[in-house]
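So this one's target-v2.cif, mmCIF, C-alpha atoms:
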```cif
data_run
loop_
_atom_site.group_PDB
_atom_site.id
_atom_site.type_symbol
_atom_site.label_atom_id
_atom_site.label_comp_id
_atom_site.auth_asym_id
_atom_site.auth_seq_id
_atom_site.Cartn_x
_atom_site.Cartn_y
_atom_site.Cartn_z
ATOM 1 C CA MET A 18 0.000 0.000 0.000
ATOM 2 C CA THR A 19 1.316 3.432 0.932
ATOM 3 C CA GLY A 20 3.650 4.936 3.410
ATOM 4 C CA GLN A 21 2.918 8.404 4.719
ATOM 5 C CA GLU A 22 -0.829 8.114 5.308
ATOM 6 C CA GLU A 23 -2.499 5.728 7.698
ATOM 7 C CA TYR A 24 -3.855 2.590 6.089
ATOM 8 C CA LEU A 25 -7.007 2.090 8.129
ATOM 9 C CA LEU A 26 -7.446 -1.604 7.412
ATOM 10 C CA ALA A 27 -5.428 -3.623 9.884
ATOM 11 C CA ASN A 28 -2.278 -5.384 8.718
ATOM 12 C CA SER A 29 -3.353 -8.902 9.615
ATOM 13 C CA ALA A 30 -4.063 -12.373 8.298
ATOM 14 C CA VAL A 31 -7.745 -11.382 8.106
ATOM 15 C CA GLU A 32 -6.935 -8.436 5.848
ATOM 16 C CA LEU A 33 -4.626 -10.551 3.701
ATOM 17 C CA GLU A 34 -7.340 -13.135 3.111
ATOM 18 C CA ARG A 35 -9.873 -10.380 2.378
ATOM 19 C CA LEU A 36 -7.594 -9.032 -0.344
ATOM 20 C CA ARG A 37 -7.153 -12.472 -1.870
ATOM 21 C CA LEU A 38 -10.911 -13.064 -1.882
ATOM 22 C CA GLN A 39 -11.480 -9.592 -3.306
ATOM 23 C CA ALA A 40 -9.113 -10.271 -6.202
ATOM 24 C CA ARG A 41 -10.821 -13.566 -7.024
ATOM 25 C CA VAL A 42 -14.348 -12.136 -6.788
ATOM 26 C CA TRP A 43 -13.702 -9.174 -9.066
ATOM 27 C CA GLU A 44 -11.426 -10.904 -11.580
ATOM 28 C CA PRO A 45 -14.216 -11.748 -14.101
ATOM 29 C CA GLU A 46 -15.217 -8.071 -14.191
ATOM 30 C CA VAL A 47 -11.560 -7.076 -14.503
ATOM 31 C CA GLU A 48 -11.225 -9.364 -17.537
ATOM 32 C CA ILE A 49 -14.187 -7.680 -19.236
ATOM 33 C CA TRP A 50 -12.805 -4.235 -18.467
ATOM 34 C CA LEU A 51 -9.289 -5.018 -19.694
ATOM 35 C CA ASP A 52 -10.774 -6.219 -22.973
ATOM 36 C CA LYS A 53 -12.210 -2.708 -23.363
ATOM 37 C CA VAL A 54 -8.921 -1.094 -22.333
ATOM 38 C CA GLY A 55 -7.209 -3.112 -25.038
ATOM 39 C CA ILE A 56 -4.073 -4.382 -23.314
ATOM 40 C CA GLN A 57 -1.692 -5.646 -26.007
ATOM 41 C CA PRO A 58 1.019 -8.352 -26.058
ATOM 42 C CA GLY A 59 4.406 -6.839 -25.358
ATOM 43 C CA TRP A 60 3.123 -3.969 -23.229
ATOM 44 C CA ARG A 61 4.741 -2.845 -19.989
ATOM 45 C CA CYS A 62 2.133 -2.524 -17.239
ATOM 46 C CA ALA A 63 2.217 -1.324 -13.625
ATOM 47 C CA ASP A 64 -0.218 -2.310 -10.866
ATOM 48 C CA LEU A 65 0.204 0.225 -8.057
ATOM 49 C CA GLY A 66 -0.779 -0.925 -4.574
ATOM 50 C CA CYS A 67 -1.215 -4.453 -5.868
ATOM 51 C CA GLY A 68 -1.501 -6.044 -2.430
ATOM 52 C CA ALA A 69 -1.576 -9.827 -2.319
ATOM 53 C CA MET A 70 -2.746 -10.349 -5.917
ATOM 54 C CA GLY A 71 -4.148 -7.196 -7.469
ATOM 55 C CA ILE A 72 -4.764 -7.708 -11.180
ATOM 56 C CA LEU A 73 -1.334 -9.195 -11.767
ATOM 57 C CA GLY A 74 -2.687 -12.417 -13.251
ATOM 58 C CA PRO A 75 -4.974 -10.840 -15.877
ATOM 59 C CA LEU A 76 -2.256 -8.370 -16.891
ATOM 60 C CA SER A 77 0.377 -11.102 -17.100
ATOM 61 C CA ARG A 78 -1.772 -13.211 -19.415
ATOM 62 C CA ARG A 79 -2.462 -10.285 -21.731
ATOM 63 C CA VAL A 80 1.049 -8.903 -22.158
ATOM 64 C CA GLY A 81 2.558 -12.352 -22.705
ATOM 65 C CA SER A 82 6.192 -13.341 -22.694
ATOM 66 C CA ALA A 83 7.218 -10.255 -24.659
ATOM 67 C CA GLY A 84 5.669 -7.900 -22.091
ATOM 68 C CA SER A 85 6.136 -7.235 -18.409
ATOM 69 C CA VAL A 86 4.085 -6.382 -15.334
ATOM 70 C CA THR A 87 5.388 -4.519 -12.284
ATOM 71 C CA GLY A 88 3.439 -4.886 -9.070
ATOM 72 C CA VAL A 89 4.085 -2.176 -6.474
ATOM 73 C CA ASP A 90 3.392 -2.296 -2.743
ATOM 74 C CA ARG A 91 5.265 -1.366 0.412
ATOM 75 C CA ASP A 92 3.661 -3.509 3.099
ATOM 76 C CA ALA A 93 5.944 -6.425 3.955
ATOM 77 C CA GLN A 94 3.114 -8.928 4.421
ATOM 78 C CA GLN A 95 1.468 -7.956 1.127
ATOM 79 C CA LEU A 96 4.776 -8.070 -0.721
ATOM 80 C CA ALA A 97 5.485 -11.565 0.556
ATOM 81 C CA ALA A 98 2.007 -12.718 -0.434
ATOM 82 C CA ALA A 99 2.308 -11.157 -3.913
ATOM 83 C CA ARG A 100 5.693 -12.786 -4.508
ATOM 84 C CA ALA A 101 4.328 -16.150 -3.399
ATOM 85 C CA PHE A 102 1.353 -15.732 -5.738
ATOM 86 C CA VAL A 103 3.625 -14.869 -8.672
ATOM 87 C CA ALA A 104 5.862 -17.856 -7.974
ATOM 88 C CA ASP A 105 3.014 -20.323 -7.426
ATOM 89 C CA ASP A 106 1.250 -19.269 -10.643
ATOM 90 C CA GLY A 107 4.458 -19.178 -12.680
ATOM 91 C CA LEU A 108 4.018 -15.542 -13.725
ATOM 92 C CA SER A 109 7.524 -15.185 -15.112
ATOM 93 C CA ASN A 110 6.797 -11.793 -16.691
ATOM 94 C CA VAL A 111 5.777 -10.228 -13.344
ATOM 95 C CA GLN A 112 8.111 -8.515 -10.903
ATOM 96 C CA ILE A 113 7.128 -7.231 -7.452
ATOM 97 C CA VAL A 114 8.733 -3.981 -6.304
ATOM 98 C CA GLU A 115 8.759 -2.520 -2.804
ATOM 99 C CA ALA A 116 7.746 1.112 -3.231
ATOM 100 C CA ASP A 117 5.119 3.670 -2.252
ATOM 101 C CA ALA A 118 2.331 3.744 -4.831
ATOM 102 C CA PHE A 119 1.989 7.506 -4.284
ATOM 103 C CA ALA A 120 5.726 8.143 -4.828
ATOM 104 C CA SER A 121 7.032 5.065 -6.561
ATOM 105 C CA ALA A 122 10.373 6.297 -7.924
ATOM 106 C CA LEU A 123 9.647 4.165 -11.015
ATOM 107 C CA PRO A 124 11.104 5.593 -14.236
ATOM 108 C CA SER A 125 9.068 8.349 -15.849
ATOM 109 C CA GLU A 126 7.116 7.582 -19.034
ATOM 110 C CA SER A 127 7.946 3.879 -18.862
ATOM 111 C CA PHE A 128 4.573 2.081 -18.845
ATOM 112 C CA ASP A 129 1.966 1.510 -21.522
ATOM 113 C CA PHE A 130 -0.721 0.913 -18.877
ATOM 114 C CA THR A 131 -0.694 2.108 -15.263
ATOM 115 C CA HIS A 132 -3.369 0.793 -12.913
ATOM 116 C CA ALA A 133 -4.505 1.302 -9.333
ATOM 117 C CA ARG A 134 -7.445 -0.281 -7.522
ATOM 118 C CA PHE A 135 -9.004 0.674 -4.188
ATOM 119 C CA LEU A 136 -6.260 3.122 -3.181
ATOM 120 C CA ILE A 137 -8.200 6.381 -3.189
ATOM 121 C CA GLY A 138 -11.161 4.792 -1.385
ATOM 122 C CA PRO A 139 -9.216 3.774 1.735
ATOM 123 C CA VAL A 140 -6.682 6.610 1.973
ATOM 124 C CA GLY A 141 -7.700 9.449 -0.360
ATOM 125 C CA ARG A 142 -4.855 11.579 -1.763
ATOM 126 C CA ALA A 143 -6.047 11.424 -5.352
ATOM 127 C CA ASP A 144 -4.193 14.701 -5.886
ATOM 128 C CA VAL A 145 -0.937 12.808 -5.268
ATOM 129 C CA LEU A 146 -1.732 9.430 -6.816
ATOM 130 C CA LEU A 147 -3.056 10.638 -10.168
ATOM 131 C CA PRO A 148 -0.030 12.823 -11.057
ATOM 132 C CA GLU A 149 2.247 9.927 -10.100
ATOM 133 C CA MET A 150 0.321 7.639 -12.456
ATOM 134 C CA VAL A 151 0.585 10.211 -15.233
ATOM 135 C CA ARG A 152 4.316 10.627 -14.602
ATOM 136 C CA ILE A 153 5.209 6.956 -15.062
ATOM 137 C CA THR A 154 2.914 6.425 -18.078
ATOM 138 C CA LYS A 155 4.192 6.827 -21.623
ATOM 139 C CA PRO A 156 2.660 9.561 -23.805
ATOM 140 C CA GLY A 157 -0.310 7.911 -25.475
ATOM 141 C CA GLY A 158 -0.377 5.269 -22.751
ATOM 142 C CA ILE A 159 -3.396 4.420 -20.620
ATOM 143 C CA ILE A 160 -4.172 5.174 -16.987
ATOM 144 C CA GLY A 161 -6.867 3.062 -15.318
ATOM 145 C CA LEU A 162 -8.461 3.140 -11.881
ATOM 146 C CA GLN A 163 -11.030 1.022 -10.099
ATOM 147 C CA GLU A 164 -12.723 2.546 -7.059
ATOM 148 C CA PRO A 165 -15.862 1.758 -5.028
ATOM 149 C CA ASP A 166 -19.262 3.419 -4.746
ATOM 150 C CA THR A 167 -21.386 2.018 -1.909
ATOM 151 C CA ALA A 168 -24.769 3.197 -3.234
ATOM 152 C CA SER A 169 -25.620 -0.304 -4.475
ATOM 153 C CA TRP A 170 -24.232 -2.171 -1.442
ATOM 154 C CA THR A 171 -27.189 -3.813 0.279
ATOM 155 C CA CYS A 172 -28.677 -7.066 1.462
ATOM 156 C CA TYR A 173 -31.992 -8.834 0.888
ATOM 157 C CA PRO A 174 -34.066 -9.028 2.961
ATOM 158 C CA PRO A 175 -33.043 -5.585 4.253
ATOM 159 C CA GLY A 176 -31.542 -5.321 7.741
ATOM 160 C CA GLN A 177 -31.124 -2.354 10.071
ATOM 161 C CA SER A 178 -27.869 -3.755 11.445
ATOM 162 C CA TRP A 179 -26.477 -4.057 7.904
ATOM 163 C CA ASP A 180 -27.359 -0.425 7.182
ATOM 164 C CA ALA A 181 -25.927 0.770 10.503
ATOM 165 C CA LEU A 182 -22.662 -1.076 9.992
ATOM 166 C CA LYS A 183 -22.367 0.155 6.410
ATOM 167 C CA LEU A 184 -22.766 3.747 7.633
ATOM 168 C CA ALA A 185 -20.150 3.268 10.359
ATOM 169 C CA ILE A 186 -17.695 1.796 7.842
ATOM 170 C CA ARG A 187 -18.218 4.654 5.365
ATOM 171 C CA THR A 188 -17.792 7.253 8.112
ATOM 172 C CA ALA A 189 -14.673 5.576 9.516
ATOM 173 C CA PHE A 190 -13.001 5.732 6.112
ATOM 174 C CA ARG A 191 -13.935 9.379 5.622
ATOM 175 C CA ARG A 192 -12.644 10.412 9.040
ATOM 176 C CA GLY A 193 -9.383 8.695 8.170
ATOM 177 C CA GLY A 194 -9.008 10.692 4.947
ATOM 178 C CA GLY A 195 -10.475 8.154 2.526
ATOM 179 C CA ASP A 196 -13.835 7.893 0.790
ATOM 180 C CA ILE A 197 -15.261 4.516 -0.197
ATOM 181 C CA ASP A 198 -17.688 6.336 -2.469
ATOM 182 C CA SER A 199 -14.771 7.803 -4.437
ATOM 183 C CA GLY A 200 -15.618 5.716 -7.494
ATOM 184 C CA ARG A 201 -18.290 8.190 -8.564
ATOM 185 C CA GLN A 202 -15.656 10.957 -8.785
ATOM 186 C CA ILE A 203 -12.930 9.281 -10.840
ATOM 187 C CA TYR A 204 -14.359 9.946 -14.305
ATOM 188 C CA GLY A 205 -14.473 13.684 -13.630
ATOM 189 C CA MET A 206 -11.008 13.608 -12.097
ATOM 190 C CA LEU A 207 -9.484 12.014 -15.182
ATOM 191 C CA ARG A 208 -11.229 14.504 -17.462
ATOM 192 C CA LYS A 209 -9.961 17.434 -15.392
ATOM 193 C CA LEU A 210 -6.478 15.911 -15.443
ATOM 194 C CA GLY A 211 -6.493 16.299 -19.216
ATOM 195 C CA LEU A 212 -6.646 12.621 -20.153
ATOM 196 C CA GLU A 213 -8.178 11.849 -23.532
ATOM 197 C CA GLU A 214 -10.895 9.377 -24.534
ATOM 198 C CA VAL A 215 -11.891 8.786 -20.922
ATOM 199 C CA ARG A 216 -14.220 5.809 -20.573
ATOM 200 C CA LEU A 217 -16.275 4.573 -17.636
ATOM 201 C CA ARG A 218 -17.746 1.170 -16.795
ATOM 202 C CA ALA A 219 -19.712 0.192 -13.672
ATOM 203 C CA ALA A 220 -19.475 -3.343 -12.284
ATOM 204 C CA VAL A 221 -21.662 -4.881 -9.594
ATOM 205 C CA ILE A 222 -22.016 -8.498 -8.445
ATOM 206 C CA ALA A 223 -24.973 -10.363 -6.944
ATOM 207 C CA LEU A 224 -23.960 -12.756 -4.162
ATOM 208 C CA CYS A 225 -25.998 -15.632 -2.770
ATOM 209 C CA ASP A 226 -25.704 -19.207 -1.472
ATOM 210 C CA ARG A 227 -23.548 -18.083 1.493
ATOM 211 C CA HIS A 228 -20.847 -16.664 -0.742
ATOM 212 C CA PRO A 229 -17.859 -15.718 1.457
ATOM 213 C CA TYR A 230 -17.783 -12.173 0.070
ATOM 214 C CA MET A 231 -21.151 -11.597 1.739
ATOM 215 C CA ARG A 232 -19.113 -11.229 4.954
ATOM 216 C CA LEU A 233 -17.344 -8.098 3.727
ATOM 217 C CA PRO A 234 -19.030 -5.766 6.269
ATOM 218 C CA VAL A 235 -17.881 -8.117 9.034
ATOM 219 C CA GLN A 236 -14.317 -8.115 7.697
ATOM 220 C CA PHE A 237 -14.267 -4.333 7.419
ATOM 221 C CA ALA A 238 -15.685 -4.022 10.935
ATOM 222 C CA SER A 239 -12.931 -6.252 12.281
ATOM 223 C CA SER A 240 -10.197 -4.148 10.671
ATOM 224 C CA LEU A 241 -11.847 -0.810 11.546
ATOM 225 C CA ARG A 242 -13.029 -1.799 15.011
ATOM 226 C CA ALA A 243 -10.736 0.535 16.966
ATOM 227 C CA ARG A 244 -11.692 3.559 14.869
ATOM 228 C CA ILE A 245 -15.426 2.796 14.868
ATOM 229 C CA ILE A 246 -15.499 2.526 18.657
ATOM 230 C CA GLY A 247 -12.873 5.183 19.342
ATOM 231 C CA ASP A 248 -14.641 7.782 17.193
ATOM 232 C CA GLY A 249 -17.988 7.022 18.834
ATOM 233 C CA LEU A 250 -19.593 5.742 15.629
ATOM 234 C CA MET A 251 -20.884 2.715 17.553
ATOM 235 C CA SER A 252 -20.480 1.484 21.078
ATOM 236 C CA GLU A 253 -18.705 -1.813 21.567
ATOM 237 C CA ALA A 254 -22.026 -3.510 22.300
ATOM 238 C CA GLU A 255 -23.696 -1.958 19.243
ATOM 239 C CA LEU A 256 -20.829 -3.003 16.996
ATOM 240 C CA ASP A 257 -20.821 -6.554 18.324
ATOM 241 C CA ALA A 258 -24.583 -6.830 17.823
ATOM 242 C CA ALA A 259 -24.379 -5.465 14.266
ATOM 243 C CA VAL A 260 -21.544 -7.831 13.385
ATOM 244 C CA ALA A 261 -23.483 -10.800 14.777
ATOM 245 C CA GLU A 262 -26.527 -9.851 12.721
ATOM 246 C CA CYS A 263 -24.441 -9.472 9.553
ATOM 247 C CA GLU A 264 -22.881 -12.869 10.218
ATOM 248 C CA LYS A 265 -26.396 -14.332 10.335
ATOM 249 C CA ILE A 266 -27.227 -12.704 7.009
ATOM 250 C CA ALA A 267 -24.061 -14.044 5.399
ATOM 251 C CA SER A 268 -24.807 -17.582 6.618
ATOM 252 C CA ASP A 269 -28.495 -17.549 5.631
ATOM 253 C CA PRO A 270 -29.029 -19.633 2.453
ATOM 254 C CA SER A 271 -32.078 -17.532 1.562
ATOM 255 C CA ALA A 272 -30.252 -14.174 1.834
ATOM 256 C CA ALA A 273 -28.657 -12.259 -1.035
ATOM 257 C CA VAL A 274 -26.236 -9.357 -1.216
ATOM 258 C CA ILE A 275 -25.563 -6.808 -3.921
ATOM 259 C CA THR A 276 -21.965 -5.593 -3.788
ATOM 260 C CA PHE A 277 -20.832 -2.012 -3.857
ATOM 261 C CA THR A 278 -20.346 -0.749 -7.402
ATOM 262 C CA VAL A 279 -16.820 -0.693 -8.780
ATOM 263 C CA THR A 280 -16.316 2.081 -11.282
ATOM 264 C CA GLN A 281 -13.691 1.103 -13.828
ATOM 265 C CA THR A 282 -12.318 4.201 -15.511
ATOM 266 C CA PHE A 283 -9.504 4.700 -17.995
ATOM 267 C CA GLY A 284 -8.120 7.373 -20.265
ATOM 268 C CA HIS A 285 -5.134 8.091 -22.490
ATOM 269 C CA LYS A 286 -2.219 10.332 -21.558
ATOM 270 C CA PRO A 287 -1.936 13.001 -24.253
ATOM 271 C CA VAL A 288 0.914 12.924 -26.725
ATOM 272 C CA VAL A 289 2.704 16.268 -26.736
ATOM 273 C CA ASN A 290 3.953 17.210 -30.187
#
```

Would you put the structure from the file into structure tokens?
Amino acid sequence: MTGQEEYLLANSAVELERLRLQARVWEPEVEIWLDKVGIQPGWRCADLGCGAMGILGPLSRRVGSAGSVTGVDRDAQQLAAARAFVADDGLSNVQIVEADAFASALPSESFDFTHARFLIGPVGRADVLLPEMVRITKPGGIIGLQEPDTASWTCYPPGQSWDALKLAIRTAFRRGGGDIDSGRQIYGMLRKLGLEEVRLRAAVIALCDRHPYMRLPVQFASSLRARIIGDGLMSEAELDAAVAECEKIASDPSAAVITFTVTQTFGHKPVVN
């Protein structure tokens, strides 16, 4: 992840497994999006803040043996997990680099495609991340971001505890400098940045049959517990009760969950004549 700002989600085995599950859940939508982006064999790609898996696999398959993928993170646990993933899957065209996604020190104008997912949502600082992405991207290259928008995030049948926990999670991120509704802003940000041919896609997934990703509010609550209680967003008893109710929803075979929306946005860095 990053270095100077606080990463609100706890550095733990729980968070590591959440990131792995997240990558697997969203990979089909990533594949569709990358088809629209038009990643080509031989390209050099960067995945900033890649965490345990990021989109390293889909990028690796697209660029082929003639291309390369650089995954960037600075958390030791995430770096170890990413390197293990690359080795286990035989991704010989992928290298993992320890660096700050917001100040990577990667060579300027060196990548055909630069990507970041779920960095602005947790920590904010789009005003730092976006210029860094532009800096390391070749003229004419593509910059792509995936960020969340919680408007669609709900459960069926509806539950007050679900709604209360969702609100506490959103507020905890915002008080920490992030915004897990940042996805709705990215298109405008890229336009204002001067990128060309900016395109936007919205992805959402329906979960049922006790899918493990239905437990996402519980996982967030575990990682954000100290902030939620410390900032008075919920008492300890209220948080425990909400988590227990959300656990019941996630284990109910008749319940369904609609994920938050992931906005998938990309645009081209202008070529200066």

Discussion item. With distances taken over only C-alpha atoms, which residue among A:Ala116, A:Ala98, A:Val279, A:Ile160 lies nearest Ala30 in chain A?
Written reply: A:Ala98

Worksheet item: With only C-alpha atoms as the atoms that count, which of A:Val289, A:Arg37, A:Phe130, A:Val86 lies nearest to Ile159 in chain A?
Response: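 Among the listed residues, the smallest separation from Ile159 in chain A belongs to A:Phe130.
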
Discussion item. Between A:Arg100, A:Arg227, A:Lys183, A:Arg218, which residue has the minimum interatomic distance to Thr278 in chain A, considering only C-alpha atoms?
Written reply: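 Closest to Thr278 in chain A, using only C-alpha atoms: A:Arg218.
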
Discussion item. Ranking A:Ala69, A:Ala219, A:Ala189, A:Ala63 by minimum distance to Glu32 in chain A and counting only C-alpha atoms, which one comes first?
Written reply: A:Ala69

Worksheet item: When distances are computed from only C-alpha atoms, which of A:Glu253, A:Glu115, A:Asp269, A:Glu34 shows the smallest separation from Pro174 in chain A?
Response: A:Asp269

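Each of A:Asp92, A:Asp257, A:Asp64, A:Asp180 was checked against Leu123 in chain A using all atoms listed in the file; the smallest atom-to-atom distance is that of A:Asp64.
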
Practice prompt. Name the residues that the PyMOL selection byres ((chain A and resi 266) around 12) picks from the file above, as a ChimeraX atom specification, using the file's chain letters and numbers.
Written response: /A:171-179,224-235,259-265,267-274

Proximity check range 55-87 of chain A to range 101-112 of chain A, 10 Å, nearest pairs one decimal Å, all atoms listed in the file, as a Markdown table:
```
| residue | atom | partner | partner_atom | distance |
| --- | --- | --- | --- | --- |
| A:Arg61 | CA | A:Asn110 | CA | 9.8 |
| A:Cys62 | CA | A:Val111 | CA | 9.4 |
| A:Ala63 | CA | A:Val111 | CA | 9.6 |
| A:Ala69 | CA | A:Phe102 | CA | 7.4 |
| A:Met70 | CA | A:Phe102 | CA | 6.8 |
| A:Leu73 | CA | A:Val111 | CA | 7.4 |
| A:Gly74 | CA | A:Leu108 | CA | 7.4 |
| A:Leu76 | CA | A:Val111 | CA | 9.0 |
| A:Ser77 | CA | A:Asn110 | CA | 6.5 |
| A:Arg78 | CA | A:Leu108 | CA | 8.4 |
| A:Val80 | CA | A:Asn110 | CA | 8.4 |
| A:Gly81 | CA | A:Asn110 | CA | 7.4 |
| A:Ser82 | CA | A:Asn110 | CA | 6.2 |
| A:Ala83 | CA | A:Asn110 | CA | 8.1 |
| A:Gly84 | CA | A:Asn110 | CA | 6.8 |
| A:Ser85 | CA | A:Asn110 | CA | 4.9 |
| A:Val86 | CA | A:Val111 | CA | 4.6 |
| A:Thr87 | CA | A:Gln112 | CA | 5.0 |
```

Worksheet item: Applied to the shown file, which residues does the PyMOL selection byres ((chain A and resi 276) around 7) return, written as a list in words?
Response: Ser169, Trp170, Thr171, Val221, Ile222, Ala223, Val274, Ile275, Phe277 and Thr278 of chain A

Just say which residues the PyMOL selection byres ((chain A and resi 65) around 7) picks in this file, as a compact mmCIF listing (two decimals) with C-alpha atoms, in the coordinates of the input.
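And here's part00.txt as it stands now:
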```txt
# COMPACT_ATOMS: atom_id res chain seq x y z
CA ALA A 63 2.22 -1.32 -13.62
CA ASP A 64 -0.22 -2.31 -10.87
CA GLY A 66 -0.78 -0.92 -4.57
CA CYS A 67 -1.22 -4.45 -5.87
CA GLY A 88 3.44 -4.89 -9.07
CA VAL A 89 4.08 -2.18 -6.47
CA ASP A 90 3.39 -2.30 -2.74
CA ALA A 118 2.33 3.74 -4.83
CA HIS A 132 -3.37 0.79 -12.91
CA ALA A 133 -4.50 1.30 -9.33
```

Worksheet entry | All residues 10 Å or closer to Glu164 in chain A, only C-alpha atoms, same chain fewer than 3 positions away omitted, as a PyMOL selection string | chain A and resi 133-139+196-203+219+277-282

Once you have the residues from the selection above, write them out as a PDB file, keeping the file's coordinate frame, restricted to C-alpha atoms.
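Final file, again16.pdb:
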```pdb
ATOM      1  CA  ALA A 133      -4.505   1.302  -9.333  1.00  0.00           C
ATOM      2  CA  ARG A 134      -7.445  -0.281  -7.522  1.00  0.00           C
ATOM      3  CA  PHE A 135      -9.004   0.674  -4.188  1.00  0.00           C
ATOM      4  CA  LEU A 136      -6.260   3.122  -3.181  1.00  0.00           C
ATOM      5  CA  ILE A 137      -8.200   6.381  -3.189  1.00  0.00           C
ATOM      6  CA  GLY A 138     -11.161   4.792  -1.385  1.00  0.00           C
ATOM      7  CA  PRO A 139      -9.216   3.774   1.735  1.00  0.00           C
ATOM      8  CA  ASP A 196     -13.835   7.893   0.790  1.00  0.00           C
ATOM      9  CA  ILE A 197     -15.261   4.516  -0.197  1.00  0.00           C
ATOM     10  CA  ASP A 198     -17.688   6.336  -2.469  1.00  0.00           C
ATOM     11  CA  SER A 199     -14.771   7.803  -4.437  1.00  0.00           C
ATOM     12  CA  GLY A 200     -15.618   5.716  -7.494  1.00  0.00           C
ATOM     13  CA  ARG A 201     -18.290   8.190  -8.564  1.00  0.00           C
ATOM     14  CA  GLN A 202     -15.656  10.957  -8.785  1.00  0.00           C
ATOM     15  CA  ILE A 203     -12.930   9.281 -10.840  1.00  0.00           C
ATOM     16  CA  ALA A 219     -19.712   0.192 -13.672  1.00  0.00           C
ATOM     17  CA  PHE A 277     -20.832  -2.012  -3.857  1.00  0.00           C
ATOM     18  CA  THR A 278     -20.346  -0.749  -7.402  1.00  0.00           C
ATOM     19  CA  VAL A 279     -16.820  -0.693  -8.780  1.00  0.00           C
ATOM     20  CA  THR A 280     -16.316   2.081 -11.282  1.00  0.00           C
ATOM     21  CA  GLN A 281     -13.691   1.103 -13.828  1.00  0.00           C
ATOM     22  CA  THR A 282     -12.318   4.201 -15.511  1.00  0.00           C
TER      23      THR A 282
END
```

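Separating CA of Gly205 in chain A from CA of Asp166 in chain A is a distance of 14.4 Å.
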
Worksheet item: Hey, can you check how far CA of Arg35 in chain A sits from CA of Asp129 in chain A?
Response: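 That distance, rounded to one decimal, is 29.2 Å.
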
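You will find CA of His285 in chain A at 29.3 Å from CA of Gln95 in chain A.
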
Discussion item. I need every residue sitting at most 12 Å from the point (-17.3, 2.4, 7.3) (coordinates as in the file, all atoms listed in the file considered), written as a PyMOL selection string.
Written reply: chain A and resi 25-26+138-139+167+179-198+233-246+248+250-251+256

Worksheet entry | Residues near Leu207 in chain A, cut-off 8 Å, all atoms listed in the file, skip fewer than 5 positions along chain, as JSON, numbers by chain | {"A": [212, 215, 283, 284]}
